[in-house]
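data-v1.pdb follows (PDB, C-alpha atoms and all ligand atoms):
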MODEL        1
ATOM      1  CA  MET A   1       1.563   6.134  16.789
ATOM      2  CA  GLN A   2      -1.557   4.172  15.874
ATOM      3  CA  LEU A   3      -2.146   2.247  12.661
ATOM      4  CA  THR A   4      -5.655   1.263  11.557
ATOM      5  CA  PHE A   5      -6.452  -1.057   8.674
ATOM      6  CA  TRP A   6      -9.567   0.134   6.785
ATOM      7  CA  GLY A   7      -9.015  -2.086   3.752
ATOM      8  CA  VAL A   8      -6.685  -5.064   3.348
ATOM      9  CA  ARG A   9      -7.858  -6.798   0.172
ATOM     10  CA  GLY A  10      -5.989  -6.805  -3.131
ATOM     11  CA  SER A  11      -7.307  -6.383  -6.664
ATOM     12  CA  ILE A  12     -11.053  -6.118  -5.984
ATOM     13  CA  ALA A  13     -13.407  -5.666  -3.024
ATOM     14  CA  VAL A  14     -14.996  -8.942  -1.936
ATOM     15  CA  PRO A  15     -17.770  -8.341   0.614
ATOM     16  CA  GLY A  16     -19.719 -11.357   1.827
ATOM     17  CA  PRO A  17     -19.946 -14.045   4.485
ATOM     18  CA  ASP A  18     -16.492 -15.454   3.612
ATOM     19  CA  THR A  19     -14.623 -12.210   4.351
ATOM     20  CA  VAL A  20     -16.126 -11.124   7.670
ATOM     21  CA  LEU A  21     -13.068 -11.908   9.790
ATOM     22  CA  PHE A  22     -10.305 -10.391   7.624
ATOM     23  CA  GLY A  23     -12.393  -7.904   5.644
ATOM     24  CA  GLY A  24     -13.405  -7.416   2.024
ATOM     25  CA  ASN A  25     -12.457  -3.796   1.289
ATOM     26  CA  THR A  26      -9.423  -2.872  -0.803
ATOM     27  CA  THR A  27      -6.339  -1.102   0.513
ATOM     28  CA  CYS A  28      -6.536   1.813   2.943
ATOM     29  CA  LEU A  29      -4.488   2.466   6.092
ATOM     30  CA  GLU A  30      -4.799   5.304   8.587
ATOM     31  CA  ILE A  31      -1.912   6.467  10.762
ATOM     32  CA  ARG A  32      -2.475   8.746  13.722
ATOM     33  CA  CYS A  33       0.191  10.522  15.714
ATOM     34  CA  GLY A  34      -0.346  13.473  18.011
ATOM     35  CA  GLU A  35      -3.202  15.902  17.545
ATOM     36  CA  SER A  36      -2.969  16.496  13.790
ATOM     37  CA  GLY A  37      -5.276  14.973  11.180
ATOM     38  CA  PRO A  38      -4.625  11.497   9.821
ATOM     39  CA  VAL A  39      -2.008  10.290   7.393
ATOM     40  CA  VAL A  40      -3.843   7.965   4.999
ATOM     41  CA  LEU A  41      -2.106   5.420   2.795
ATOM     42  CA  ASP A  42      -4.055   4.478  -0.335
ATOM     43  CA  ALA A  43      -7.697   5.111  -1.149
ATOM     44  CA  GLY A  44      -9.175   1.710  -1.934
ATOM     45  CA  THR A  45     -12.778   1.013  -1.000
ATOM     46  CA  GLY A  46     -11.758   0.937   2.676
ATOM     47  CA  ILE A  47     -11.409   4.727   2.669
ATOM     48  CA  ARG A  48     -15.207   5.032   2.569
ATOM     49  CA  GLY A  49     -15.476   3.758   6.167
ATOM     50  CA  LEU A  50     -12.635   6.024   7.259
ATOM     51  CA  GLY A  51     -14.427   9.014   5.717
ATOM     52  CA  LEU A  52     -17.601   8.271   7.650
ATOM     53  CA  ALA A  53     -15.597   8.045  10.886
ATOM     54  CA  LEU A  54     -13.758  11.319  10.166
ATOM     55  CA  ALA A  55     -16.998  13.115   9.281
ATOM     56  CA  ARG A  56     -18.041  12.846  12.934
ATOM     57  CA  SER A  57     -15.464  15.489  13.917
ATOM     58  CA  MET A  58     -14.936  18.048  11.188
ATOM     59  CA  PRO A  59     -13.078  20.001   9.944
ATOM     60  CA  VAL A  60     -10.846  17.239   8.599
ATOM     61  CA  ASP A  61      -7.215  17.918   7.665
ATOM     62  CA  CYS A  62      -5.994  14.786   5.975
ATOM     63  CA  ALA A  63      -2.822  13.872   4.043
ATOM     64  CA  LEU A  64      -3.342  11.027   1.574
ATOM     65  CA  PHE A  65      -0.424   9.148   0.017
ATOM     66  CA  LEU A  66      -1.174   6.913  -2.968
ATOM     67  CA  SER A  67       1.190   4.043  -3.702
ATOM     68  CA  HIS A  68      -0.078   4.046  -7.319
ATOM     69  CA  THR A  69      -3.359   4.589  -9.115
ATOM     70  CA  HIS A  70      -4.527   1.054  -9.900
ATOM     71  CA  TRP A  71      -8.249   0.851  -9.176
ATOM     72  CA  ASP A  72      -7.967  -1.138  -5.972
ATOM     73  CA  HIS A  73      -5.938   1.767  -4.500
ATOM     74  CA  ILE A  74      -8.097   4.730  -5.583
ATOM     75  CA  GLN A  75     -11.620   3.434  -6.096
ATOM     76  CA  GLY A  76     -12.918   4.530  -2.696
ATOM     77  CA  LEU A  77     -11.847   8.155  -3.118
ATOM     78  CA  PRO A  78     -15.088   9.433  -4.763
ATOM     79  CA  PHE A  79     -16.942   8.011  -1.717
ATOM     80  CA  PHE A  80     -14.708   9.752   0.858
ATOM     81  CA  THR A  81     -17.334  11.919   2.575
ATOM     82  CA  PRO A  82     -15.008  14.722   3.807
ATOM     83  CA  LEU A  83     -14.401  15.695   0.150
ATOM     84  CA  PHE A  84     -17.958  16.986  -0.133
ATOM     85  CA  VAL A  85     -17.842  19.323   2.868
ATOM     86  CA  PRO A  86     -16.465  22.891   2.738
ATOM     87  CA  GLY A  87     -13.775  23.632   5.327
ATOM     88  CA  ASN A  88     -12.090  20.245   5.017
ATOM     89  CA  THR A  89      -8.586  19.944   3.570
ATOM     90  CA  LEU A  90      -7.105  17.007   1.694
ATOM     91  CA  SER A  91      -3.576  16.917   0.312
ATOM     92  CA  ILE A  92      -3.019  14.023  -2.096
ATOM     93  CA  HIS A  93       0.500  12.792  -2.869
ATOM     94  CA  GLY A  94       1.652  10.126  -5.273
ATOM     95  CA  THR A  95       3.600   9.231  -8.363
ATOM     96  CA  PHE A  96       3.743  10.675 -11.866
ATOM     97  CA  ASP A  97       2.751   8.408 -14.768
ATOM     98  CA  PRO A  98       5.673   8.689 -17.252
ATOM     99  CA  VAL A  99       4.024   6.397 -19.796
ATOM    100  CA  ALA A 100       0.705   8.216 -20.119
ATOM    101  CA  MET A 101       2.421  11.546 -19.186
ATOM    102  CA  LYS A 102      -0.413  12.248 -16.767
ATOM    103  CA  ASP A 103      -0.031  13.928 -13.415
ATOM    104  CA  LEU A 104      -1.834  12.731 -10.323
ATOM    105  CA  ARG A 105      -4.758  15.133 -10.576
ATOM    106  CA  SER A 106      -5.644  14.224 -14.162
ATOM    107  CA  VAL A 107      -5.577  10.496 -13.350
ATOM    108  CA  LEU A 108      -7.849  11.019 -10.340
ATOM    109  CA  ASP A 109     -10.144  13.428 -12.231
ATOM    110  CA  ALA A 110     -10.612  10.807 -14.967
ATOM    111  CA  GLN A 111     -12.085   8.460 -12.354
ATOM    112  CA  MET A 112     -14.763  11.091 -11.674
ATOM    113  CA  ASP A 113     -15.691  11.682 -15.308
ATOM    114  CA  TYR A 114     -19.477  11.524 -15.851
ATOM    115  CA  ALA A 115     -18.958   8.226 -17.699
ATOM    116  CA  TYR A 116     -17.926   6.618 -14.411
ATOM    117  CA  PHE A 117     -19.333   8.735 -11.569
ATOM    118  CA  PRO A 118     -22.249  11.167 -11.132
ATOM    119  CA  VAL A 119     -20.288  13.984  -9.455
ATOM    120  CA  ARG A 120     -17.323  15.682 -11.131
ATOM    121  CA  SER A 121     -14.220  16.456  -9.080
ATOM    122  CA  ALA A 122     -14.783  20.168  -9.848
ATOM    123  CA  GLU A 123     -17.921  20.004  -7.680
ATOM    124  CA  LEU A 124     -16.145  18.750  -4.561
ATOM    125  CA  LYS A 125     -16.300  21.328  -1.777
ATOM    126  CA  ALA A 126     -13.202  20.518   0.269
ATOM    127  CA  GLU A 127      -9.868  22.182  -0.458
ATOM    128  CA  ILE A 128      -7.923  19.557  -2.405
ATOM    129  CA  ARG A 129      -4.242  19.776  -3.321
ATOM    130  CA  CYS A 130      -2.431  17.227  -5.504
ATOM    131  CA  GLU A 131       1.311  16.750  -5.593
ATOM    132  CA  SER A 132       3.409  14.248  -7.553
ATOM    133  CA  LEU A 133       6.445  13.307  -5.477
ATOM    134  CA  ALA A 134       9.965  12.258  -6.406
ATOM    135  CA  GLU A 135      11.544   9.280  -4.656
ATOM    136  CA  GLY A 136      13.005  10.350  -1.315
ATOM    137  CA  GLN A 137      11.050  13.626  -1.242
ATOM    138  CA  SER A 138       9.726  13.777   2.330
ATOM    139  CA  VAL A 139       6.454  15.452   3.259
ATOM    140  CA  THR A 140       5.559  16.661   6.750
ATOM    141  CA  HIS A 141       2.005  16.448   8.096
ATOM    142  CA  GLY A 142       1.669  17.535  11.710
ATOM    143  CA  GLU A 143       4.367  15.619  13.580
ATOM    144  CA  ALA A 144       4.567  12.890  10.936
ATOM    145  CA  ARG A 145       7.230  12.691   8.233
ATOM    146  CA  ILE A 146       6.370  10.605   5.175
ATOM    147  CA  THR A 147       9.045   9.489   2.686
ATOM    148  CA  PRO A 148       8.399   7.636  -0.596
ATOM    149  CA  PHE A 149      10.563   4.784  -1.903
ATOM    150  CA  LEU A 150      10.229   3.324  -5.426
ATOM    151  CA  VAL A 151       9.207  -0.322  -5.192
ATOM    152  CA  ASN A 152       8.705  -2.944  -7.913
ATOM    153  CA  HIS A 153       5.267  -3.180  -9.539
ATOM    154  CA  THR A 154       3.832  -3.138 -13.038
ATOM    155  CA  VAL A 155       3.620   0.685 -12.897
ATOM    156  CA  ILE A 156       5.651   3.329 -11.025
ATOM    157  CA  THR A 157       4.754   2.664  -7.392
ATOM    158  CA  PHE A 158       5.830   4.116  -4.071
ATOM    159  CA  GLY A 159       6.155   2.431  -0.729
ATOM    160  CA  TYR A 160       6.002   4.930   2.151
ATOM    161  CA  LYS A 161       7.864   5.226   5.422
ATOM    162  CA  VAL A 162       5.899   7.138   8.054
ATOM    163  CA  GLN A 163       7.917   8.390  11.032
ATOM    164  CA  CYS A 164       6.579  10.104  14.123
ATOM    165  CA  ARG A 165       7.786  10.540  17.698
ATOM    166  CA  GLY A 166      10.617   8.044  17.244
ATOM    167  CA  LYS A 167       8.404   5.301  15.771
ATOM    168  CA  SER A 168       8.005   4.249  12.157
ATOM    169  CA  VAL A 169       5.918   2.166   9.781
ATOM    170  CA  PHE A 170       6.746   1.150   6.214
ATOM    171  CA  PHE A 171       3.967   0.250   3.791
ATOM    172  CA  THR A 172       5.162  -1.401   0.579
ATOM    173  CA  GLY A 173       2.141  -0.592  -1.582
ATOM    174  CA  ASP A 174       1.973  -3.226  -4.329
ATOM    175  CA  HIS A 175       5.427  -4.765  -4.509
ATOM    176  CA  GLU A 176       7.134  -7.840  -5.893
ATOM    177  CA  GLN A 177      10.715  -8.592  -5.053
ATOM    178  CA  TRP A 178      12.991  -7.723  -7.983
ATOM    179  CA  THR A 179      13.840 -10.761 -10.087
ATOM    180  CA  ASN A 180      16.080 -11.211 -13.111
ATOM    181  CA  ILE A 181      14.089 -11.133 -16.352
ATOM    182  CA  TYR A 182      16.981 -12.700 -18.324
ATOM    183  CA  GLU A 183      18.068 -16.350 -18.486
ATOM    184  CA  HIS A 184      21.492 -17.259 -17.045
ATOM    185  CA  ASP A 185      23.049 -17.641 -20.501
ATOM    186  CA  GLU A 186      21.724 -14.342 -21.897
ATOM    187  CA  PRO A 187      24.174 -11.415 -22.277
ATOM    188  CA  TYR A 188      22.384  -8.975 -19.934
ATOM    189  CA  PHE A 189      21.895 -11.438 -17.063
ATOM    190  CA  ASP A 190      24.914 -10.392 -14.965
ATOM    191  CA  GLU A 191      24.376  -6.658 -15.454
ATOM    192  CA  PHE A 192      20.697  -6.922 -14.545
ATOM    193  CA  GLN A 193      21.481  -9.125 -11.550
ATOM    194  CA  THR A 194      23.802  -6.416 -10.186
ATOM    195  CA  ILE A 195      21.089  -3.783 -10.604
ATOM    196  CA  ILE A 196      18.406  -5.775  -8.778
ATOM    197  CA  GLU A 197      20.756  -6.788  -5.970
ATOM    198  CA  GLU A 198      21.648  -3.105  -5.463
ATOM    199  CA  LYS A 199      17.974  -2.130  -5.438
ATOM    200  CA  GLN A 200      17.119  -4.859  -2.922
ATOM    201  CA  ALA A 201      20.018  -3.758  -0.690
ATOM    202  CA  GLU A 202      18.815  -0.144  -0.963
ATOM    203  CA  LEU A 203      15.322  -1.170   0.185
ATOM    204  CA  VAL A 204      16.684  -3.212   3.094
ATOM    205  CA  ASP A 205      18.845  -0.237   4.170
ATOM    206  CA  PHE A 206      15.824   2.091   3.947
ATOM    207  CA  LEU A 207      13.826  -0.312   6.147
ATOM    208  CA  ARG A 208      16.401  -0.768   8.906
ATOM    209  CA  GLY A 209      15.062   0.499  12.217
ATOM    210  CA  VAL A 210      11.406   0.449  11.104
ATOM    211  CA  ASP A 211       9.068  -0.830  13.834
ATOM    212  CA  VAL A 212       6.244  -2.236  11.708
ATOM    213  CA  LEU A 213       6.294  -3.497   8.111
ATOM    214  CA  VAL A 214       2.997  -3.689   6.207
ATOM    215  CA  ALA A 215       3.760  -5.671   3.065
ATOM    216  CA  ASP A 216       2.007  -6.909  -0.056
ATOM    217  CA  GLY A 217       1.958 -10.701   0.238
ATOM    218  CA  GLN A 218      -0.972 -11.632  -1.942
ATOM    219  CA  TYR A 219       0.190 -15.180  -2.680
ATOM    220  CA  THR A 220       1.329 -18.242  -0.777
ATOM    221  CA  ARG A 221       4.728 -19.669  -1.731
ATOM    222  CA  GLU A 222       2.904 -22.459  -3.597
ATOM    223  CA  GLU A 223       0.825 -19.972  -5.633
ATOM    224  CA  TYR A 224       3.640 -17.530  -6.340
ATOM    225  CA  PRO A 225       5.525 -19.274  -9.212
ATOM    226  CA  ALA A 226       2.412 -19.164 -11.419
ATOM    227  CA  LYS A 227       1.956 -15.433 -10.632
ATOM    228  CA  ALA A 228       5.579 -14.257 -10.848
ATOM    229  CA  GLY A 229       5.810 -10.960 -12.721
ATOM    230  CA  TRP A 230       2.282  -9.850 -11.793
ATOM    231  CA  GLY A 231       3.716  -7.322  -9.326
ATOM    232  CA  HIS A 232       2.915  -8.950  -5.986
ATOM    233  CA  SER A 233       5.046 -10.831  -3.498
ATOM    234  CA  SER A 234       4.527 -14.107  -1.711
ATOM    235  CA  MET A 235       4.016 -14.154   2.044
ATOM    236  CA  ASP A 236       7.395 -15.855   2.434
ATOM    237  CA  LEU A 237       9.099 -13.003   0.560
ATOM    238  CA  CYS A 238       7.501 -10.578   3.054
ATOM    239  CA  VAL A 239       8.958 -12.582   5.944
ATOM    240  CA  ASP A 240      12.356 -12.620   4.191
ATOM    241  CA  LEU A 241      12.223  -8.832   3.772
ATOM    242  CA  ALA A 242      11.317  -8.239   7.434
ATOM    243  CA  LEU A 243      14.101 -10.563   8.614
ATOM    244  CA  SER A 244      16.753  -9.054   6.350
ATOM    245  CA  ALA A 245      15.918  -5.543   7.638
ATOM    246  CA  GLY A 246      15.627  -6.658  11.279
ATOM    247  CA  ILE A 247      11.943  -5.654  11.524
ATOM    248  CA  GLU A 248      10.167  -7.432  14.364
ATOM    249  CA  ARG A 249       6.491  -6.900  13.425
ATOM    250  CA  LEU A 250       5.056  -7.813  10.036
ATOM    251  CA  TYR A 251       1.498  -7.381   8.781
ATOM    252  CA  ILE A 252       0.929  -9.050   5.435
ATOM    253  CA  THR A 253      -1.777  -7.364   3.347
ATOM    254  CA  HIS A 254      -3.271  -7.045  -0.187
ATOM    255  CA  HIS A 255      -4.974 -10.373   0.440
ATOM    256  CA  GLU A 256      -5.903 -12.557  -2.494
ATOM    257  CA  PRO A 257      -9.630 -11.879  -3.164
ATOM    258  CA  THR A 258     -10.482 -15.556  -3.635
ATOM    259  CA  ARG A 259      -9.126 -16.503  -0.177
ATOM    260  CA  GLY A 260     -11.963 -16.619   2.367
ATOM    261  CA  ASP A 261     -11.632 -16.367   6.144
ATOM    262  CA  GLU A 262     -11.149 -20.089   6.776
ATOM    263  CA  ALA A 263      -8.397 -20.371   4.189
ATOM    264  CA  MET A 264      -6.781 -17.143   5.461
ATOM    265  CA  SER A 265      -6.595 -18.511   9.010
ATOM    266  CA  ALA A 266      -5.136 -21.797   7.750
ATOM    267  CA  VAL A 267      -2.508 -19.971   5.700
ATOM    268  CA  LEU A 268      -1.545 -17.831   8.711
ATOM    269  CA  ASP A 269      -1.240 -20.874  11.008
ATOM    270  CA  GLU A 270       0.943 -22.681   8.479
ATOM    271  CA  LEU A 271       3.159 -19.611   7.952
ATOM    272  CA  ARG A 272       3.613 -19.035  11.682
ATOM    273  CA  ASP A 273       4.447 -22.730  12.246
ATOM    274  CA  ARG A 274       7.058 -22.661   9.528
ATOM    275  CA  ARG A 275       8.534 -19.132   9.787
ATOM    276  CA  GLY A 276       7.438 -17.769  13.174
ATOM    277  CA  GLY A 277       9.864 -17.539  16.068
ATOM    278  CA  ALA A 278      12.717 -16.564  13.760
ATOM    279  CA  GLY A 279      12.747 -12.977  15.032
ATOM    280  CA  VAL A 280       9.597 -11.575  13.452
ATOM    281  CA  ASP A 281       6.025 -11.531  14.725
ATOM    282  CA  ILE A 282       3.867 -12.446  11.694
ATOM    283  CA  ASP A 283       0.215 -11.484  11.234
ATOM    284  CA  LEU A 284      -2.263 -10.958   8.418
ATOM    285  CA  ALA A 285      -3.760  -7.443   8.344
ATOM    286  CA  ARG A 286      -7.445  -7.393   9.335
ATOM    287  CA  GLU A 287      -9.898  -4.676   8.417
ATOM    288  CA  GLY A 288     -11.057  -2.641  11.418
ATOM    289  CA  VAL A 289      -8.054  -3.495  13.590
ATOM    290  CA  THR A 290      -5.949  -0.735  15.189
ATOM    291  CA  VAL A 291      -2.436  -1.482  16.367
ATOM    292  CA  ASP A 292      -0.167   0.595  18.595
ATOM    293  CA  VAL A 293       3.284   1.152  17.149
TER
HETATM  294 ZN    ZN B   1      -3.295  -3.552  -5.722
HETATM  295 ZN    ZN B   2      -1.332  -2.484  -8.421
ENDMDL
END
Take the structure in the file and give it back as structure tokens.
Amino acid sequence: MQLTFWGVRGSIAVPGPDTVLFGGNTTCLEIRCGESGPVVLDAGTGIRGLGLALARSMPVDCALFLSHTHWDHIQGLPFFTPLFVPGNTLSIHGTFDPVAMKDLRSVLDAQMDYAYFPVRSAELKAEIRCESLAEGQSVTHGEARITPFLVNHTVITFGYKVQCRGKSVFFTGDHEQWTNIYEHDEPYFDEFQTIIEEKQAELVDFLRGVDVLVADGQYTREEYPAKAGWGHSSMDLCVDLALSAGIERLYITHHEPTRGDEAMSAVLDELRDRRGGAGVDIDLAREGVTVDV
């Protein structure tokens, strides 16, 4: 199984001289296994580069899994070249929005309204299927099996486990560790604490045996307290999650857009000095890098 990072930035794309080493595009991962078309996780601006690469050998049969539909995870989709070519197939999977009562297709179509984009989704030439998934509902694409898990973000969000030929990767999507929203002396504190501890244990169980964890760690531990509740974890929480599930390889992603290459390298060095060697190999995801799983 091969994993390629096409976009590793959180919140907004930040091209420029400060993001050459780690990359400036927003979230997109490609997983390859066997001869079938790619499994793609999220469609941030990084998916544009993937589309250009795929267009070199059409027809493309691609399965896309969206963690959620915040802009930084879907904004590259209208620029995904294979969508414009007849004969290509794209199946899109994701969550259902229970607040707006919108299914996946209507959320994605809205992004291609004339107010925002010059081509309507109805004019795309590829065969496109959309499916809202329930938690735990596995999908098969070629030899790969993809299973969603509800994580903790400001909207309904899936993390995905991708399994193929005895190997597996888990991508958290945007995720912040569950924390108690009540004060210790408030009546619901104990009940809520039980719920979040069960959910955390469920996630750790789901992750046991995974070979590679790709986790949202937008903030350093120093930055995190001021950003708690925004739906993203600290890098230290990613390390904690990998260690508690016995995962030996961790790629932290959804990088803070204001953190340039020099600062990224310094943060990685500090994290490895402090947390490395404890049983998990820690790295920051870099755009354009392919890793063997
Ligand atoms: Zn995001
Ligand atoms: Zn988000």
Selection: 10 Å around Thr95 of chain A, all atoms listed in the file, excl. self and same-chain fewer than 4 positions, as a list in words: Phe65, Leu66, Ser67, His68, Thr69, Lys102, Asp103, Leu104, Glu131, Ser132, Leu133, Ala134, Glu135, Pro148, Leu150, Val155, Ile156, Thr157 and Phe158 of chain A
Export C-alpha atoms of the chosen residues as a PDB file, keeping the file's coordinate frame?
ATOM      1  CA  PHE A  65      -0.424   9.148   0.017  1.00  0.00           C
ATOM      2  CA  LEU A  66      -1.174   6.913  -2.968  1.00  0.00           C
ATOM      3  CA  SER A  67       1.190   4.043  -3.702  1.00  0.00           C
ATOM      4  CA  HIS A  68      -0.078   4.046  -7.319  1.00  0.00           C
ATOM      5  CA  THR A  69      -3.359   4.589  -9.115  1.00  0.00           C
ATOM      6  CA  LYS A 102      -0.413  12.248 -16.767  1.00  0.00           C
ATOM      7  CA  ASP A 103      -0.031  13.928 -13.415  1.00  0.00           C
ATOM      8  CA  LEU A 104      -1.834  12.731 -10.323  1.00  0.00           C
ATOM      9  CA  GLU A 131       1.311  16.750  -5.593  1.00  0.00           C
ATOM     10  CA  SER A 132       3.409  14.248  -7.553  1.00  0.00           C
ATOM     11  CA  LEU A 133       6.445  13.307  -5.477  1.00  0.00           C
ATOM     12  CA  ALA A 134       9.965  12.258  -6.406  1.00  0.00           C
ATOM     13  CA  GLU A 135      11.544   9.280  -4.656  1.00  0.00           C
ATOM     14  CA  PRO A 148       8.399   7.636  -0.596  1.00  0.00           C
ATOM     15  CA  LEU A 150      10.229   3.324  -5.426  1.00  0.00           C
ATOM     16  CA  VAL A 155       3.620   0.685 -12.897  1.00  0.00           C
ATOM     17  CA  ILE A 156       5.651   3.329 -11.025  1.00  0.00           C
ATOM     18  CA  THR A 157       4.754   2.664  -7.392  1.00  0.00           C
ATOM     19  CA  PHE A 158       5.830   4.116  -4.071  1.00  0.00           C
TER      20      PHE A 158
END
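With distances taken over all atoms listed in the file, A:Asp18 is the one residue among A:Asp185, A:Asp18, A:Glu123, A:Asp113 lying closest to Asp261 of chain A.
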Exercise answer, 12 Å around ligand ZN 2 (chain B) with all atoms listed in the file, as an MDAnalysis selection string: chainID A and resid 9:12 26:27 42 44 66:74 151:159 172:176 216 218 229:233 254
May I have the selected residues written with C-alpha atoms, as a tab-separated table (two decimals), keeping the file's coordinate frame?
chain	number	residue	atom	x	y	z
A	9	ARG	CA	-7.86	-6.80	0.17
A	10	GLY	CA	-5.99	-6.80	-3.13
A	11	SER	CA	-7.31	-6.38	-6.66
A	12	ILE	CA	-11.05	-6.12	-5.98
A	26	THR	CA	-9.42	-2.87	-0.80
A	27	THR	CA	-6.34	-1.10	0.51
A	42	ASP	CA	-4.06	4.48	-0.34
A	44	GLY	CA	-9.18	1.71	-1.93
A	66	LEU	CA	-1.17	6.91	-2.97
A	67	SER	CA	1.19	4.04	-3.70
A	68	HIS	CA	-0.08	4.05	-7.32
A	69	THR	CA	-3.36	4.59	-9.12
A	70	HIS	CA	-4.53	1.05	-9.90
A	71	TRP	CA	-8.25	0.85	-9.18
A	72	ASP	CA	-7.97	-1.14	-5.97
A	73	HIS	CA	-5.94	1.77	-4.50
A	74	ILE	CA	-8.10	4.73	-5.58
A	151	VAL	CA	9.21	-0.32	-5.19
A	152	ASN	CA	8.70	-2.94	-7.91
A	153	HIS	CA	5.27	-3.18	-9.54
A	154	THR	CA	3.83	-3.14	-13.04
A	155	VAL	CA	3.62	0.68	-12.90
A	156	ILE	CA	5.65	3.33	-11.02
A	157	THR	CA	4.75	2.66	-7.39
A	158	PHE	CA	5.83	4.12	-4.07
A	159	GLY	CA	6.16	2.43	-0.73
A	172	THR	CA	5.16	-1.40	0.58
A	173	GLY	CA	2.14	-0.59	-1.58
A	174	ASP	CA	1.97	-3.23	-4.33
A	175	HIS	CA	5.43	-4.76	-4.51
A	176	GLU	CA	7.13	-7.84	-5.89
A	216	ASP	CA	2.01	-6.91	-0.06
A	218	GLN	CA	-0.97	-11.63	-1.94
A	229	GLY	CA	5.81	-10.96	-12.72
A	230	TRP	CA	2.28	-9.85	-11.79
A	231	GLY	CA	3.72	-7.32	-9.33
A	232	HIS	CA	2.92	-8.95	-5.99
A	233	SER	CA	5.05	-10.83	-3.50
A	254	HIS	CA	-3.27	-7.04	-0.19
Two-atom distance - atom CA of Ser265 of chain A, atom CA of Ser234 of chain A (Å): 16.1 Å
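Restricting the calculation to only C-alpha atoms, the smallest distance between Gly136 of chain A and any of A:Leu203, A:Ala228, A:Ala43, A:Ala110 is found for A:Leu203.
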Atomic distance atom CA of Leu83 of chain A - atom CA of His141 of chain A, expressed in Å with one decimal: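 Atom CA of His141 of chain A lies 18.2 Å from atom CA of Leu83 of chain A.
Residue nearest ligand ZN 1 (chain B) within the list A:Cys28, A:Ile92, A:Val119, A:Ile146: A:Cys28 [criterion: smallest interatomic distance, all atoms listed in the file].
With all atoms listed in the file taken into account, the protein and nucleic acid residues at most 9 Å from Trp6 of chain A (excluding it and anything under 6 positions from it in its own chain) are A:Gly23, A:Asn25, A:Thr26, A:Thr27, A:Cys28, A:Leu29, A:Glu30, A:Gly44, A:Thr45, A:Gly46, A:Ile47, A:Arg48, A:Gly49, A:Leu50, A:Arg286, A:Glu287, A:Gly288, A:Val289.
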Atom CA of Pro38 of chain A to atom CA of Glu127 of chain A, straight-line distance in Å: 15.7 Å
Selected residue, from A:Met1, A:Ala285, A:Asn88, A:Val8, that lies nearest to ligand ZN 1 (chain B) when counting all atoms listed in the file: A:Val8
Long-range neighbours of Ala201 of chain A as a list in words, 12 Å cut-off, only C-alpha atoms, 5 positions minimum in chain: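 Non-adjacent residues within range: Gln177, Trp178, Thr194, Ile195, Ile196, Phe206, Leu207, Arg208, Leu241, Ser244 and Ala245 of chain A.
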Among listed residues A:Val139, A:His255, A:Ile282, A:Phe170, nearest ligand ZN 1 (chain B) (using all atoms listed in the file): A:His255
Answer key for the PyMOL selection byres (((chain A and resi 165) around 10) and not hetatm), residues as a PyMOL selection string: chain A and resi 1+33-34+143-145+163-164+166-168
